[in-house]
file entry-v2.cif (mmCIF, C-alpha atoms and all ligand atoms)
data_model
#
loop_
_atom_site.label_atom_id
_atom_site.label_comp_id
_atom_site.auth_asym_id
_atom_site.auth_seq_id
_atom_site.Cartn_x
_atom_site.Cartn_y
_atom_site.Cartn_z
CA MET A 1 85.07 143.69 134.91
CA ALA A 2 88.59 143.64 136.38
CA ILE A 3 91.45 145.15 134.43
CA LEU A 4 94.47 142.95 133.82
CA GLN A 5 97.60 144.89 132.97
CA ALA A 6 98.77 142.94 129.97
CA GLN A 7 100.62 143.31 126.71
CA PRO A 8 99.97 144.65 124.13
CA PHE A 9 97.24 146.49 126.09
CA ASP A 10 94.97 146.03 129.10
CA PHE A 11 92.66 143.01 129.13
CA GLU A 12 89.20 143.17 130.71
CA ILE A 13 88.70 140.03 132.75
CA ASP A 14 85.18 138.66 132.98
CA LYS A 15 85.26 136.36 135.99
CA SER A 16 82.01 134.73 134.92
CA ALA A 17 83.54 133.58 131.65
CA ILE A 18 87.24 132.86 132.25
CA ALA A 19 89.07 129.53 132.54
CA LEU A 20 92.66 128.43 133.03
CA VAL A 21 94.00 125.86 130.57
CA MET A 22 97.19 124.29 131.90
CA ILE A 23 98.91 122.58 129.01
CA ASP A 24 100.80 119.28 129.35
CA MET A 25 102.57 119.67 132.71
CA GLN A 26 103.33 115.96 132.44
CA ARG A 27 106.14 113.88 133.83
CA ASP A 28 107.10 112.92 130.26
CA PHE A 29 108.03 116.53 129.49
CA ILE A 30 109.30 117.68 132.87
CA GLU A 31 111.02 114.74 134.56
CA PRO A 32 114.21 112.94 133.55
CA GLY A 33 113.65 109.80 131.47
CA GLY A 34 110.55 111.07 129.68
CA PHE A 35 109.74 112.12 126.14
CA GLY A 36 111.35 115.56 126.46
CA GLU A 37 114.66 114.13 127.57
CA THR A 38 114.64 111.39 124.89
CA LEU A 39 114.56 114.23 122.36
CA GLY A 40 117.79 115.55 123.87
CA ASN A 41 116.32 118.38 125.94
CA ASP A 42 117.33 119.72 129.35
CA VAL A 43 114.15 119.21 131.38
CA SER A 44 115.36 121.33 134.30
CA LEU A 45 114.44 124.43 132.29
CA LEU A 46 110.78 123.42 132.41
CA ARG A 47 110.87 122.54 136.10
CA ALA A 48 111.66 126.18 136.87
CA ILE A 49 108.05 127.25 136.20
CA ILE A 50 106.49 124.82 138.69
CA PRO A 51 106.19 127.41 141.54
CA LYS A 52 104.54 130.07 139.32
CA SER A 53 102.25 127.47 137.76
CA LYS A 54 101.18 126.41 141.23
CA GLU A 55 100.49 130.06 142.15
CA LEU A 56 98.39 130.46 139.04
CA LEU A 57 96.41 127.30 139.78
CA ASN A 58 95.83 128.49 143.34
CA GLY A 59 94.74 131.91 142.07
CA PHE A 60 92.00 130.26 139.99
CA ARG A 61 91.17 127.73 142.72
CA LYS A 62 90.66 130.52 145.25
CA HIS A 63 87.82 131.93 143.14
CA ASN A 64 86.42 128.53 142.10
CA LEU A 65 87.10 129.35 138.47
CA PRO A 66 87.26 126.51 135.94
CA ILE A 67 90.61 124.79 135.46
CA ILE A 68 91.36 122.42 132.61
CA HIS A 69 94.55 120.37 132.48
CA THR A 70 95.65 118.78 129.24
CA ARG A 71 97.89 115.78 128.65
CA GLU A 72 99.49 115.00 125.32
CA CYS A 73 99.18 111.24 125.03
CA HIS A 74 98.02 108.41 122.83
CA LYS A 75 95.81 105.37 123.16
CA PRO A 76 97.67 102.22 124.23
CA ASP A 77 97.11 100.69 120.76
CA LEU A 78 98.58 103.90 119.23
CA SER A 79 95.66 104.08 116.78
CA ASP A 80 95.63 107.88 117.23
CA LEU A 81 99.36 108.25 116.56
CA PRO A 82 100.16 109.14 112.95
CA ASP A 83 103.31 107.50 111.53
CA ALA A 84 104.61 110.99 110.75
CA LYS A 85 104.56 111.88 114.46
CA ARG A 86 106.01 108.56 115.65
CA ASP A 87 108.85 108.42 113.13
CA ARG A 88 109.99 112.06 113.23
CA GLY A 89 113.56 112.75 114.33
CA ASN A 90 115.99 110.47 116.07
CA PRO A 91 114.98 110.18 119.73
CA ASP A 92 116.38 107.49 122.05
CA LEU A 93 112.82 106.32 122.65
CA ARG A 94 109.81 106.85 120.42
CA ILE A 95 106.21 107.42 121.47
CA GLY A 96 104.84 104.06 122.64
CA ASP A 97 108.26 102.64 123.59
CA GLU A 98 108.88 101.45 127.13
CA GLY A 99 110.83 103.98 129.22
CA PRO A 100 111.63 104.41 132.90
CA MET A 101 108.16 105.94 133.53
CA GLY A 102 106.26 103.45 131.39
CA ARG A 103 105.43 103.71 127.70
CA ILE A 104 106.32 107.15 126.35
CA LEU A 105 103.28 109.47 125.98
CA VAL A 106 100.76 106.65 126.32
CA SER A 107 97.64 107.32 128.35
CA GLY A 108 97.49 105.59 131.71
CA GLN A 109 101.30 105.38 132.01
CA ASP A 110 103.11 107.20 134.84
CA GLY A 111 105.03 109.41 132.42
CA ALA A 112 101.89 110.68 130.70
CA ASP A 113 100.40 111.86 133.97
CA ILE A 114 100.58 115.37 135.41
CA ILE A 115 103.52 116.06 137.74
CA PRO A 116 102.61 115.61 141.42
CA GLU A 117 103.31 119.29 142.24
CA LEU A 118 100.52 120.47 139.92
CA TYR A 119 98.19 117.52 140.16
CA PRO A 120 94.53 118.32 139.43
CA ILE A 121 92.23 118.46 142.40
CA GLU A 122 88.64 117.27 142.55
CA GLY A 123 86.38 119.10 140.12
CA GLU A 124 89.14 120.04 137.70
CA ILE A 125 88.90 118.76 134.16
CA VAL A 126 91.60 116.68 132.48
CA ILE A 127 91.63 116.38 128.71
CA ASP A 128 93.86 113.94 126.85
CA LYS A 129 94.92 115.15 123.45
CA PRO A 130 96.72 113.26 120.67
CA GLY A 131 97.99 116.41 118.98
CA LYS A 132 99.90 119.53 119.89
CA GLY A 133 96.72 121.62 119.83
CA ALA A 134 94.25 121.07 122.67
CA PHE A 135 91.20 121.32 120.38
CA TYR A 136 92.31 118.69 117.85
CA LYS A 137 90.32 115.46 118.37
CA THR A 138 89.21 116.46 121.89
CA ASP A 139 86.00 117.73 123.47
CA LEU A 140 87.64 120.92 124.73
CA GLN A 141 85.35 123.19 122.71
CA ASP A 142 82.21 121.46 124.08
CA THR A 143 83.62 121.60 127.59
CA LEU A 144 84.27 125.34 127.32
CA ASP A 145 80.86 125.97 125.75
CA LYS A 146 79.10 124.14 128.58
CA LEU A 147 80.92 126.38 131.06
CA SER A 148 80.10 129.52 128.98
CA ILE A 149 83.80 130.33 128.74
CA LYS A 150 84.84 133.24 126.51
CA GLN A 151 88.30 133.99 127.93
CA ILE A 152 91.20 131.59 128.48
CA VAL A 153 94.46 131.97 130.38
CA PHE A 154 97.01 129.56 128.94
CA ALA A 155 100.01 128.19 130.82
CA GLY A 156 102.17 125.09 130.63
CA VAL A 157 104.65 123.58 128.23
CA THR A 158 106.09 124.06 125.80
CA THR A 159 105.45 127.67 124.89
CA GLU A 160 106.12 127.42 121.18
CA VAL A 161 104.62 123.97 120.61
CA CYS A 162 101.51 122.90 122.53
CA VAL A 163 100.79 126.21 124.29
CA GLN A 164 101.07 128.32 121.18
CA THR A 165 99.21 125.81 118.97
CA SER A 166 96.35 125.60 121.48
CA MET A 167 96.22 129.36 121.90
CA ARG A 168 96.03 129.87 118.14
CA GLU A 169 93.28 127.26 117.88
CA ALA A 170 91.38 129.04 120.67
CA ASN A 171 91.89 132.45 119.08
CA ASP A 172 90.45 131.20 115.79
CA ARG A 173 87.44 129.88 117.69
CA GLY A 174 86.73 133.31 119.13
CA TYR A 175 88.18 133.07 122.64
CA ASP A 176 90.13 135.98 124.07
CA CYS A 177 93.37 134.42 125.27
CA VAL A 178 96.16 135.43 127.62
CA VAL A 179 99.43 133.57 127.99
CA ALA A 180 100.89 133.55 131.51
CA THR A 181 104.47 134.54 130.74
CA ASP A 182 106.14 133.08 133.82
CA ALA A 183 104.03 129.91 133.95
CA THR A 184 105.02 128.70 130.52
CA GLU A 185 108.42 127.52 129.34
CA SER A 186 110.35 126.07 126.45
CA TYR A 187 113.42 123.86 126.25
CA PHE A 188 114.73 126.78 124.17
CA PRO A 189 114.38 130.05 126.12
CA HIS A 190 114.66 132.19 122.98
CA PHE A 191 111.71 130.26 121.46
CA LYS A 192 109.62 131.22 124.49
CA SER A 193 110.39 134.91 124.19
CA ILE A 194 109.87 135.02 120.43
CA THR A 195 106.59 133.12 120.77
CA ILE A 196 105.28 135.67 123.24
CA GLU A 197 106.39 138.45 120.90
CA MET A 198 104.51 136.78 118.03
CA ILE A 199 101.35 136.37 120.10
CA ILE A 200 101.11 140.00 121.12
CA ALA A 201 102.38 141.55 117.87
CA GLN A 202 100.10 143.43 115.48
CA GLY A 203 97.71 144.51 118.24
CA GLY A 204 97.46 141.08 119.88
CA ILE A 205 97.00 139.02 116.75
CA VAL A 206 96.81 135.83 118.82
CA GLY A 207 96.10 137.37 122.22
CA TRP A 208 97.59 138.96 125.30
CA ALA A 209 100.49 138.22 127.66
CA ALA A 210 100.70 138.90 131.40
CA ASP A 211 102.61 137.52 134.35
CA THR A 212 101.09 135.39 137.08
CA SER A 213 101.05 138.12 139.76
CA SER A 214 99.17 140.51 137.48
CA ILE A 215 96.64 137.81 136.58
CA ILE A 216 96.08 136.92 140.24
CA GLU A 217 95.82 140.59 141.25
CA ALA A 218 93.17 141.15 138.58
CA LEU A 219 91.25 138.05 139.67
CA ASP A 220 91.38 139.30 143.27
CA GLU A 221 90.07 142.77 142.36
C1 LIG B 1 105.88 118.93 122.63
C2 LIG B 1 104.26 119.99 124.04
N1 LIG B 1 106.75 119.91 122.74
N2 LIG B 1 103.43 119.72 125.05
N3 LIG B 1 104.71 118.93 123.32
O1 LIG B 1 106.12 117.98 121.91
O2 LIG B 1 104.61 121.12 123.79
#
call {"tool": "encode", "arguments": {"input": "entry-v2.cif", "output": "structure tokens", "more": "lines below"}}
Ligand code: C5J
result
Amino acid sequence: MAILQAQPFDFEIDKSAIALVMIDMQRDFIEPGGFGETLGNDVSLLRAIIPKSKELLNGFRKHNLPIIHTRECHKPDLSDLPDAKRDRGNPDLRIGDEGPMGRILVSGQDGADIIPELYPIEGEIVIDKPGKGAFYKTDLQDTLDKLSIKQIVFAGVTTEVCVQTSMREANDRGYDCVVATDATESYFPHFKSITIEMIIAQGGIVGWAADTSSIIEALDE
């Protein structure tokens, strides 16, 4: 077992049972003209984590450890999009509308795909999810079970929405989870920091937090 220096206390990494889940590093959230920007957000904040996310991916790739990428998106007929999700708020474009990168958050459209900088390589798993949580209406649990995964490092966007929701879902399912603090980001920096505080509070009630270098160092041990 390698020791990862994490908060709120050290985390024992089991390299035979750990996976990286990279949440929703999609063009729709990170590039201009996508879903994130239609909601009025500054997408440049999310772009800042691309280098660390790449380092983290490479750290897992180096050891041939499982990597799962998720994409928040809906079927082209929008049958998996609840009205409550489509109609919420006052965005310029709603999910399913035609935007500069194709239909917003619809599977198969350019905007719903992973950004080129972090594109999955052969052998990596991509899971499309209609919700904020990566377990809701997906086969993520089966996928992890087949790989005998017990520990998950979470990264991606946004910290307080899809990353946190997925991490909480994983925690309830019995996985030990670590959030990679510099490979996750929010459109609201204070939401990111408070989310990490919530995760590690009360003795790690949702899990652990560690930066990319510490995670890679522990994997390299
Ligand atoms: C959001 C996500 N923020 N991937 N999705 O709507 O966090």
call {"tool": "closest_residue", "arguments": {"input": "entry-v2.cif", "among": "A:Ile114, A:Ala170, A:Ile205, A:Leu4", "to": "ligand LIG 1 (chain B)", "atoms": "only C-alpha atoms and all ligand atoms"}}
result
A:Ile114
call {"tool": "closest_residue", "arguments": {"input": "entry-v2.cif", "among": "A:Asp176, A:Asp139, A:Glu197, A:Asp128", "to": "ligand LIG 1 (chain B)", "atoms": "all atoms listed in the file"}}
result
A:Asp128
call {"tool": "residues_near_ligand", "arguments": {"input": "entry-v2.cif", "ligand": "ligand LIG 1 (chain B)", "cutoff": "8 Å", "atoms": "only C-alpha atoms and all ligand atoms", "output": "JSON, numbers by chain"}}
result
{"A": [23, 24, 25, 29, 36, 71, 72, 132, 156, 157, 158, 159, 160, 161, 162, 163]}
call {"tool": "atom_distance", "arguments": {"input": "entry-v2.cif", "atom1": "CA of Lys150 (chain A)", "atom2": "CA of Ile67 (chain A)"}}
result
13.6 Å
call {"tool": "residues_around", "arguments": {"input": "entry-v2.cif", "residues": "region 79-95 of chain A", "least_positions_apart": "3", "cutoff": "9 Å", "atoms": "only C-alpha atoms", "output": "PDB file with C-alpha atoms, in the frame of the given file"}}
result
ATOM      1  CA  GLY A  34     110.550 111.070 129.680  1.00  0.00           C
ATOM      2  CA  PHE A  35     109.740 112.120 126.140  1.00  0.00           C
ATOM      3  CA  GLU A  37     114.660 114.130 127.570  1.00  0.00           C
ATOM      4  CA  THR A  38     114.640 111.390 124.890  1.00  0.00           C
ATOM      5  CA  LEU A  39     114.560 114.230 122.360  1.00  0.00           C
ATOM      6  CA  GLY A  40     117.790 115.550 123.870  1.00  0.00           C
ATOM      7  CA  CYS A  73      99.180 111.240 125.030  1.00  0.00           C
ATOM      8  CA  HIS A  74      98.020 108.410 122.830  1.00  0.00           C
ATOM      9  CA  LYS A  75      95.810 105.370 123.160  1.00  0.00           C
ATOM     10  CA  PRO A  76      97.670 102.220 124.230  1.00  0.00           C
ATOM     11  CA  GLU A  98     108.880 101.450 127.130  1.00  0.00           C
ATOM     12  CA  GLY A  99     110.830 103.980 129.220  1.00  0.00           C
ATOM     13  CA  ARG A 103     105.430 103.710 127.700  1.00  0.00           C
ATOM     14  CA  ILE A 104     106.320 107.150 126.350  1.00  0.00           C
ATOM     15  CA  LEU A 105     103.280 109.470 125.980  1.00  0.00           C
ATOM     16  CA  VAL A 106     100.760 106.650 126.320  1.00  0.00           C
ATOM     17  CA  PRO A 130      96.720 113.260 120.670  1.00  0.00           C
ATOM     18  CA  GLY A 131      97.990 116.410 118.980  1.00  0.00           C
TER      19      GLY A 131
END
call {"tool": "closest_residue", "arguments": {"input": "entry-v2.cif", "among": "A:Ala2, A:Ser214, A:Glu12, A:Gly96", "to": "Gly111 (chain A)", "atoms": "all atoms listed in the file"}}
result
A:Gly96
call {"tool": "atom_distance", "arguments": {"input": "entry-v2.cif", "atom1": "CA of Ala209 (chain A)", "atom2": "CA of Thr181 (chain A)"}}
result
6.2 Å
call {"tool": "residues_near_point", "arguments": {"input": "entry-v2.cif", "point": "(102.9, 110.3, 134.0)", "cutoff": "8 Å", "atoms": "only C-alpha atoms", "output": "list of chain:residue names"}}
result
A:Gln26, A:Arg27, A:Asp28, A:Met101, A:Gly108, A:Gln109, A:Asp110, A:Gly111, A:Ala112, A:Asp113, A:Ile114, A:Ile115
call {"tool": "write_last_selection", "arguments": {"input": "entry-v2.cif", "atoms": "C-alpha atoms", "output": "compact mmCIF listing (two decimals), keeping the file's coordinate frame"}}
result
# COMPACT_ATOMS: atom_id res chain seq x y z
CA GLN A 26 103.33 115.96 132.44
CA ARG A 27 106.14 113.88 133.83
CA ASP A 28 107.10 112.92 130.26
CA MET A 101 108.16 105.94 133.53
CA GLY A 108 97.49 105.59 131.71
CA GLN A 109 101.30 105.38 132.01
CA ASP A 110 103.11 107.20 134.84
CA GLY A 111 105.03 109.41 132.42
CA ALA A 112 101.89 110.68 130.70
CA ASP A 113 100.40 111.86 133.97
CA ILE A 114 100.58 115.37 135.41
CA ILE A 115 103.52 116.06 137.74
call {"tool": "closest_residue", "arguments": {"input": "entry-v2.cif", "among": "A:Gln164, A:Leu45, A:Asp10, A:Leu20", "to": "Phe188 (chain A)", "atoms": "only C-alpha atoms"}}
result
A:Leu45
call {"tool": "residues_around", "arguments": {"input": "entry-v2.cif", "residues": "Val21 (chain A)", "least_positions_apart": "6", "cutoff": "6 Å", "atoms": "all atoms listed in the file", "output": "NGL selection string"}}
result
:A and (68-69 or 154)
call {"tool": "residues_around", "arguments": {"input": "entry-v2.cif", "residues": "Asp220 (chain A)", "least_positions_apart": "3", "cutoff": "9 Å", "atoms": "all atoms listed in the file", "output": "JSON, numbers by chain"}}
result
{"A": [2, 59, 63, 215, 216, 217]}
call {"tool": "closest_residue", "arguments": {"input": "entry-v2.cif", "among": "A:Met1, A:Ile13, A:Ala6, A:Ile196", "to": "Asp211 (chain A)", "atoms": "all atoms listed in the file"}}
result
A:Ala6
call {"tool": "atom_distance", "arguments": {"input": "entry-v2.cif", "atom1": "CA of Ser148 (chain A)", "atom2": "CA of Ser16 (chain A)"}}
result
8.1 Å
